[in-house]
Every structure is written in structure tokens, then in C-alpha cells.
Amino acid sequence: MKTPRHFSMIRGFHLADFFTLGNAACGVAAVFFAMLYVSTRSQSYLFAAAAMAPLAFLFDVLDGMIARWRHQHSPLGRELDSLADVISFGVAPATLGFAVGMQGGWDAVALMYFVCCGVSRLARFNVTAEELSQGGEKVAYFEGTPIPTSVIITAILAFAAFQGRIGDALYGGVWDLGPWSLHPLVLVFVVSGSMMISKTLRIPKP
């Protein structure tokens, strides 16, 4: 009986996968910068955290372009891409939202909802891709908005910080609702998350 070949992760990497890891590194850096802002209140860290979002998006675009150019697609690359996107476009924006002042109880619920929607959206994407790889007909669209659209939220938060609108000065102020407080601006996370898991929104597949 032939012994199964040992799977070497590094040897299994393609060029595009290293750009995917660059995406993930940007997301982790964004979380670190947001944490540094919370502990030091130095706005340079806040802007650095926000700057990681477009950089991560650039890596995300490049890995797709390189994979198509080199005709190198693999299940490993697809999983890497999804995991990197969860960090950079799910966890990192939510962390930034918390850092700028969305720290009420309802805020936390909204931010967790956003991340869970992002995870669900990527899982659905992977299942769809798996079905297509098994010979199904190519679909013309994907359901729900892609998770990288959260760079828009990051831009909004960065602009608010630039104007000094952070903490309870965030757009919309802060509302006391029952036992917890809510910053209405956190609802952009709720809307974004809901759009990601929507079945009625159809995004053309490139």
C-alpha cells in the first residue's frame, strides 16, 4: 500500500498566497495599532490602524490578479484568502470601532454581529466555490456584498477621528437604551453585516 505523500504547507504555497498573507498581516497590524491607541490615546496609532485597511485591500486585489495571471488556484489559497479577510475586513474594523468609542453594551452586540456576518458570508462563498469546482454551472453572481467593502466603514471612522468626533462625540452621539448605551454610528456595522448575508443582493462575479 502506497504511503500518502506528506503535505508540506510551504511547498504548497503559490506566489499569490504570500500576498494573501500580507493581507492577514495588515489586519493583525490594524488590531495592534488600535490597541496601542486605546492604551496611549495617540491618534497616530488610530490613523495607522485605519491605513491598514486600504493596504490589506490592495494585497487582496493583487493576490486575485496574480492567481488568475499564473492560473494557480487551490483549496489552500481559497481558505487562506477567507481567513485573511476575516481578520482584515471583519475583526480589524470592529476593533477600530471599539477603539474610537463604540464601547457600550449595544455597541458590542452590533460589532459581534458584524464579525459573525462576515464569517458567515465567507463560509457561504467557499461552499459556492466548492460546488463550482465540482463541475457545476458557473454562476454570474454571488449573494451578498463582499466583506472587503468594510473599508468604507474604516474610512468613515478615520474621517470622524480626523474631525475629533470620537467617544461620545461620534456622529449621532450616544443613547442610553435600557441597561446599556448605544452609539448610533455603530449601526453602519449592522447594515454592512446584513448586506453581506443578504440573499437578495446579487454581486456580479468577475
# chains A, B, ... in the order shown; residues from 1 in each chain; ligands from 1
$ residues_around --residues "region 181-183 of chain A" --least-positions-apart "2" --cutoff "7 Å" --atoms "only C-alpha atoms" --output "list in words"
Met102, Gly104, Gly105, Trp106, Asp107, Gly172, Gly173, Val174, Trp175, Asp176, Leu177, Leu185 and Val186 of chain A
$ residues_around --residues "Thr20 (chain A)" --least-positions-apart "6" --cutoff "9 Å" --atoms "only C-alpha atoms" --output "list in words"
Ala56, Phe59, Asp60, Leu62, Asp63, Gly64, Gly77, Leu80, Asp81, Ala84 and Asp85 of chain A
$ select_by_dssp --residues "region 2-177 of chain A" --states "strand (DSSP E)" --output "list in words"
Tyr141, Phe142, Glu143, Trp175, Asp176 and Leu177 of chain A
$ residues_around --residues "Gln103 (chain A)" --least-positions-apart "6" --cutoff "12 Å" --atoms "only C-alpha atoms" --output "MDAnalysis selection string"
chainID A and resid 38 94:97 109:112 166:168 170 174 180:186
$ write_last_selection --atoms "all heavy atoms" --output "short mmCIF file (atom, residue, chain, number, x, y, z; two decimals), in the first residue's frame"
data_model
loop_
_atom_site.label_atom_id
_atom_site.label_comp_id
_atom_site.auth_asym_id
_atom_site.auth_seq_id
_atom_site.Cartn_x
_atom_site.Cartn_y
_atom_site.Cartn_z
N VAL A 38 -5.81 52.74 22.22
CA VAL A 38 -6.60 52.67 23.46
C VAL A 38 -5.71 52.89 24.68
O VAL A 38 -6.12 53.55 25.65
CB VAL A 38 -7.32 51.31 23.55
CG1 VAL A 38 -7.96 51.13 24.93
CG2 VAL A 38 -8.39 51.20 22.46
N ALA A 94 -14.01 46.08 13.35
CA ALA A 94 -14.76 46.04 14.62
C ALA A 94 -13.89 46.52 15.77
O ALA A 94 -14.35 47.26 16.66
CB ALA A 94 -15.26 44.62 14.88
N THR A 95 -12.62 46.13 15.77
CA THR A 95 -11.69 46.58 16.80
C THR A 95 -11.49 48.09 16.74
O THR A 95 -11.45 48.77 17.77
CB THR A 95 -10.33 45.87 16.65
OG1 THR A 95 -10.53 44.45 16.69
CG2 THR A 95 -9.37 46.27 17.76
N LEU A 96 -11.39 48.61 15.53
CA LEU A 96 -11.24 50.06 15.36
C LEU A 96 -12.48 50.79 15.86
O LEU A 96 -12.38 51.83 16.52
CB LEU A 96 -10.99 50.38 13.89
CG LEU A 96 -10.70 51.85 13.56
CD1 LEU A 96 -9.43 52.33 14.26
CD2 LEU A 96 -10.58 52.04 12.05
N GLY A 97 -13.66 50.23 15.57
CA GLY A 97 -14.89 50.83 16.06
C GLY A 97 -14.93 50.89 17.57
O GLY A 97 -15.31 51.90 18.17
N VAL A 109 -22.68 44.26 20.95
CA VAL A 109 -23.55 43.32 20.25
C VAL A 109 -23.51 43.57 18.75
O VAL A 109 -23.41 42.63 17.94
CB VAL A 109 -25.00 43.42 20.78
CG1 VAL A 109 -25.94 42.59 19.92
CG2 VAL A 109 -25.08 42.96 22.24
N ALA A 110 -23.58 44.84 18.36
CA ALA A 110 -23.56 45.19 16.94
C ALA A 110 -22.25 44.81 16.28
O ALA A 110 -22.22 44.29 15.16
CB ALA A 110 -23.81 46.69 16.77
N LEU A 111 -21.14 45.05 16.97
CA LEU A 111 -19.83 44.72 16.41
C LEU A 111 -19.65 43.21 16.28
O LEU A 111 -19.09 42.73 15.28
CB LEU A 111 -18.72 45.32 17.27
CG LEU A 111 -18.67 46.86 17.32
CD1 LEU A 111 -17.61 47.33 18.31
CD2 LEU A 111 -18.38 47.43 15.93
N MET A 112 -20.13 42.46 17.27
CA MET A 112 -20.04 40.99 17.18
C MET A 112 -20.92 40.47 16.05
O MET A 112 -20.54 39.54 15.33
CB MET A 112 -20.44 40.36 18.52
CG MET A 112 -19.39 40.53 19.61
SD MET A 112 -19.77 39.62 21.13
CE MET A 112 -21.10 40.63 21.81
N ILE A 166 -14.81 61.46 18.22
CA ILE A 166 -14.63 60.12 18.76
C ILE A 166 -15.24 60.06 20.15
O ILE A 166 -15.60 61.09 20.73
CB ILE A 166 -13.14 59.71 18.79
CG1 ILE A 166 -12.31 60.74 19.57
CG2 ILE A 166 -12.59 59.54 17.38
CD1 ILE A 166 -10.84 60.39 19.65
N GLY A 167 -15.36 58.87 20.70
CA GLY A 167 -16.01 58.71 22.00
C GLY A 167 -17.48 59.08 21.90
O GLY A 167 -18.15 58.75 20.92
N ASP A 168 -17.98 59.80 22.88
CA ASP A 168 -19.38 60.22 22.85
C ASP A 168 -19.64 61.31 21.83
O ASP A 168 -20.79 61.70 21.60
CB ASP A 168 -19.82 60.68 24.25
CG ASP A 168 -19.92 59.54 25.23
OD1 ASP A 168 -19.87 58.37 24.78
OD2 ASP A 168 -20.04 59.80 26.45
N LEU A 170 -18.93 60.92 18.68
CA LEU A 170 -19.15 60.26 17.40
C LEU A 170 -20.46 60.76 16.78
O LEU A 170 -21.38 61.18 17.49
CB LEU A 170 -19.23 58.74 17.58
CG LEU A 170 -17.91 57.99 17.74
CD1 LEU A 170 -18.17 56.57 18.25
CD2 LEU A 170 -17.15 57.95 16.42
N VAL A 174 -24.51 59.52 21.72
CA VAL A 174 -24.68 58.26 22.43
C VAL A 174 -26.07 58.23 23.06
O VAL A 174 -26.55 59.24 23.56
CB VAL A 174 -23.59 58.09 23.53
CG1 VAL A 174 -23.60 59.25 24.52
CG2 VAL A 174 -23.77 56.77 24.27
N TRP A 180 -27.93 49.39 28.77
CA TRP A 180 -26.71 49.64 28.01
C TRP A 180 -26.83 50.92 27.18
O TRP A 180 -27.93 51.46 26.97
CB TRP A 180 -26.40 48.48 27.06
CG TRP A 180 -26.09 47.19 27.75
CD1 TRP A 180 -25.61 47.02 29.01
CD2 TRP A 180 -26.25 45.88 27.20
NE1 TRP A 180 -25.43 45.70 29.29
CE2 TRP A 180 -25.82 44.97 28.20
CE3 TRP A 180 -26.68 45.39 25.99
CZ2 TRP A 180 -25.83 43.59 28.00
CZ3 TRP A 180 -26.69 44.03 25.76
CH2 TRP A 180 -26.28 43.14 26.77
N SER A 181 -25.67 51.36 26.69
CA SER A 181 -25.65 52.54 25.81
C SER A 181 -25.39 52.12 24.38
O SER A 181 -24.86 51.04 24.11
CB SER A 181 -24.57 53.53 26.27
OG SER A 181 -23.29 52.93 26.23
N LEU A 182 -25.76 53.00 23.46
CA LEU A 182 -25.61 52.74 22.03
C LEU A 182 -25.12 54.00 21.33
O LEU A 182 -25.68 55.08 21.53
CB LEU A 182 -26.95 52.31 21.42
CG LEU A 182 -27.00 52.25 19.89
CD1 LEU A 182 -26.31 50.98 19.40
CD2 LEU A 182 -28.44 52.31 19.38
N HIS A 183 -24.07 53.86 20.54
CA HIS A 183 -23.64 54.94 19.65
C HIS A 183 -24.28 54.65 18.29
O HIS A 183 -23.92 53.64 17.65
CB HIS A 183 -22.12 54.98 19.53
CG HIS A 183 -21.43 55.39 20.81
ND1 HIS A 183 -21.19 54.49 21.84
CD2 HIS A 183 -20.94 56.59 21.21
CE1 HIS A 183 -20.59 55.13 22.83
NE2 HIS A 183 -20.41 56.40 22.48
N PRO A 184 -25.23 55.49 17.85
CA PRO A 184 -25.95 55.20 16.60
C PRO A 184 -25.06 54.92 15.40
O PRO A 184 -25.45 54.19 14.50
CB PRO A 184 -26.79 56.47 16.39
CG PRO A 184 -27.01 57.00 17.77
CD PRO A 184 -25.73 56.72 18.50
N LEU A 185 -23.84 55.47 15.38
CA LEU A 185 -22.95 55.24 14.25
C LEU A 185 -22.61 53.76 14.09
O LEU A 185 -22.28 53.30 12.99
CB LEU A 185 -21.67 56.06 14.41
CG LEU A 185 -20.69 56.02 13.23
CD1 LEU A 185 -21.34 56.55 11.95
CD2 LEU A 185 -19.43 56.82 13.55
N VAL A 186 -22.72 52.99 15.19
CA VAL A 186 -22.40 51.56 15.11
C VAL A 186 -23.37 50.83 14.18
O VAL A 186 -23.09 49.72 13.72
CB VAL A 186 -22.41 50.92 16.52
CG1 VAL A 186 -23.84 50.63 16.97
CG2 VAL A 186 -21.57 49.64 16.55
#
$ select_by_dssp --residues "region 19-170 of chain A" --states "alpha helix (DSSP H)" --output "number ranges by chain"
A: 19-40, 43-70, 75-86, 92-99, 105-133, 151-162
$ residues_around --residues "region 42-54 of chain A" --least-positions-apart "2" --cutoff "7 Å" --atoms "only C-alpha atoms" --output "number ranges by chain"
A: 26-27, 30-31, 33-34, 36-37, 40, 56-58, 88, 151, 154, 158
$ write_last_selection --atoms "all heavy atoms" --output "JSON list (two decimals), in the first residue's frame"
[["chain", "number", "residue", "atom", "x", "y", "z"],
["A", 26, "CYS", "N", -1.62, 42.76, 7.56],
["A", 26, "CYS", "CA", -2.17, 44.12, 7.69],
["A", 26, "CYS", "C", -3.33, 44.15, 8.68],
["A", 26, "CYS", "O", -3.46, 45.08, 9.48],
["A", 26, "CYS", "CB", -2.66, 44.63, 6.33],
["A", 26, "CYS", "SG", -1.34, 45.03, 5.16],
["A", 27, "GLY", "N", -4.16, 43.12, 8.66],
["A", 27, "GLY", "CA", -5.27, 43.05, 9.59],
["A", 27, "GLY", "C", -4.81, 42.94, 11.03],
["A", 27, "GLY", "O", -5.34, 43.62, 11.92],
["A", 30, "ALA", "N", -3.45, 46.23, 12.15],
["A", 30, "ALA", "CA", -4.53, 47.17, 12.46],
["A", 30, "ALA", "C", -5.06, 46.95, 13.87],
["A", 30, "ALA", "O", -5.32, 47.91, 14.61],
["A", 30, "ALA", "CB", -5.67, 47.01, 11.44],
["A", 31, "VAL", "N", -5.21, 45.69, 14.27],
["A", 31, "VAL", "CA", -5.67, 45.38, 15.63],
["A", 31, "VAL", "C", -4.66, 45.88, 16.66],
["A", 31, "VAL", "O", -5.02, 46.49, 17.67],
["A", 31, "VAL", "CB", -5.90, 43.87, 15.79],
["A", 31, "VAL", "CG1", -6.20, 43.52, 17.24],
["A", 31, "VAL", "CG2", -7.05, 43.41, 14.89],
["A", 33, "PHE", "N", -2.42, 48.31, 16.31],
["A", 33, "PHE", "CA", -2.42, 49.78, 16.35],
["A", 33, "PHE", "C", -3.64, 50.31, 17.12],
["A", 33, "PHE", "O", -3.54, 51.28, 17.87],
["A", 33, "PHE", "CB", -2.41, 50.35, 14.93],
["A", 33, "PHE", "CG", -1.07, 50.33, 14.27],
["A", 33, "PHE", "CD1", -0.92, 49.83, 12.98],
["A", 33, "PHE", "CD2", 0.06, 50.83, 14.91],
["A", 33, "PHE", "CE1", 0.32, 49.81, 12.36],
["A", 33, "PHE", "CE2", 1.31, 50.82, 14.30],
["A", 33, "PHE", "CZ", 1.44, 50.31, 13.01],
["A", 34, "ALA", "N", -4.80, 49.67, 16.92],
["A", 34, "ALA", "CA", -6.00, 50.08, 17.65],
["A", 34, "ALA", "C", -5.81, 49.89, 19.15],
["A", 34, "ALA", "O", -6.23, 50.73, 19.96],
["A", 34, "ALA", "CB", -7.21, 49.30, 17.15],
["A", 36, "LEU", "N", -2.94, 49.94, 20.70],
["A", 36, "LEU", "CA", -1.98, 50.96, 21.14],
["A", 36, "LEU", "C", -2.68, 52.31, 21.32],
["A", 36, "LEU", "O", -2.36, 53.07, 22.24],
["A", 36, "LEU", "CB", -0.85, 51.09, 20.13],
["A", 36, "LEU", "CG", 0.22, 49.99, 20.17],
["A", 36, "LEU", "CD1", 1.13, 50.07, 18.96],
["A", 36, "LEU", "CD2", 1.04, 50.09, 21.46],
["A", 37, "TYR", "N", -3.65, 52.59, 20.45],
["A", 37, "TYR", "CA", -4.39, 53.85, 20.60],
["A", 37, "TYR", "C", -5.17, 53.87, 21.91],
["A", 37, "TYR", "O", -5.18, 54.87, 22.63],
["A", 37, "TYR", "CB", -5.34, 54.06, 19.42],
["A", 37, "TYR", "CG", -6.32, 55.18, 19.69],
["A", 37, "TYR", "CD1", -5.90, 56.51, 19.69],
["A", 37, "TYR", "CD2", -7.65, 54.90, 20.01],
["A", 37, "TYR", "CE1", -6.78, 57.53, 19.97],
["A", 37, "TYR", "CE2", -8.54, 55.92, 20.29],
["A", 37, "TYR", "CZ", -8.09, 57.24, 20.28],
["A", 37, "TYR", "OH", -8.97, 58.25, 20.57],
["A", 40, "THR", "N", -2.62, 54.44, 24.72],
["A", 40, "THR", "CA", -1.82, 55.67, 24.72],
["A", 40, "THR", "C", -2.59, 56.92, 24.36],
["A", 40, "THR", "O", -2.16, 58.04, 24.67],
["A", 40, "THR", "CB", -0.65, 55.55, 23.73],
["A", 40, "THR", "OG1", -1.17, 55.47, 22.39],
["A", 40, "THR", "CG2", 0.19, 54.31, 24.03],
["A", 56, "ALA", "N", -4.48, 46.37, 3.14],
["A", 56, "ALA", "CA", -4.95, 44.98, 3.10],
["A", 56, "ALA", "C", -5.79, 44.74, 1.84],
["A", 56, "ALA", "O", -5.69, 43.68, 1.21],
["A", 56, "ALA", "CB", -5.79, 44.68, 4.35],
["A", 57, "PHE", "N", -6.60, 45.73, 1.48],
["A", 57, "PHE", "CA", -7.42, 45.61, 0.27],
["A", 57, "PHE", "C", -6.55, 45.48, -0.97],
["A", 57, "PHE", "O", -6.84, 44.71, -1.88],
["A", 57, "PHE", "CB", -8.34, 46.83, 0.15],
["A", 57, "PHE", "CG", -9.28, 46.76, -1.02],
["A", 57, "PHE", "CD1", -10.40, 45.95, -0.99],
["A", 57, "PHE", "CD2", -9.03, 47.51, -2.16],
["A", 57, "PHE", "CE1", -11.27, 45.88, -2.07],
["A", 57, "PHE", "CE2", -9.89, 47.45, -3.25],
["A", 57, "PHE", "CZ", -11.01, 46.63, -3.20],
["A", 58, "LEU", "N", -5.44, 46.24, -1.00],
["A", 58, "LEU", "CA", -4.51, 46.16, -2.12],
["A", 58, "LEU", "C", -3.92, 44.75, -2.24],
["A", 58, "LEU", "O", -3.87, 44.17, -3.33],
["A", 58, "LEU", "CB", -3.39, 47.18, -1.95],
["A", 58, "LEU", "CG", -2.28, 47.17, -3.01],
["A", 58, "LEU", "CD1", -2.85, 47.47, -4.39],
["A", 58, "LEU", "CD2", -1.19, 48.17, -2.65],
["A", 88, "SER", "N", -8.74, 41.06, 8.43],
["A", 88, "SER", "CA", -8.54, 42.42, 7.92],
["A", 88, "SER", "C", -9.82, 43.21, 7.73],
["A", 88, "SER", "O", -9.85, 44.43, 7.94],
["A", 88, "SER", "CB", -7.77, 42.37, 6.59],
["A", 88, "SER", "OG", -6.49, 41.82, 6.77],
["A", 151, "VAL", "N", -14.01, 48.42, 4.13],
["A", 151, "VAL", "CA", -13.02, 49.51, 4.09],
["A", 151, "VAL", "C", -13.74, 50.86, 4.10],
["A", 151, "VAL", "O", -13.17, 51.87, 4.54],
["A", 151, "VAL", "CB", -12.10, 49.41, 2.86],
["A", 151, "VAL", "CG1", -11.25, 48.15, 2.90],
["A", 151, "VAL", "CG2", -12.89, 49.48, 1.56],
["A", 154, "THR", "N", -14.20, 51.75, 7.69],
["A", 154, "THR", "CA", -12.92, 52.21, 8.24],
["A", 154, "THR", "C", -12.65, 53.65, 7.83],
["A", 154, "THR", "O", -12.15, 54.45, 8.64],
["A", 154, "THR", "CB", -11.78, 51.30, 7.76],
["A", 154, "THR", "OG1", -12.05, 49.95, 8.15],
["A", 154, "THR", "CG2", -10.45, 51.73, 8.36],
["A", 158, "ALA", "N", -12.10, 56.83, 10.29],
["A", 158, "ALA", "CA", -10.88, 57.64, 10.20],
["A", 158, "ALA", "C", -11.23, 59.11, 10.01],
["A", 158, "ALA", "O", -10.59, 59.99, 10.61],
["A", 158, "ALA", "CB", -10.02, 57.15, 9.03]]
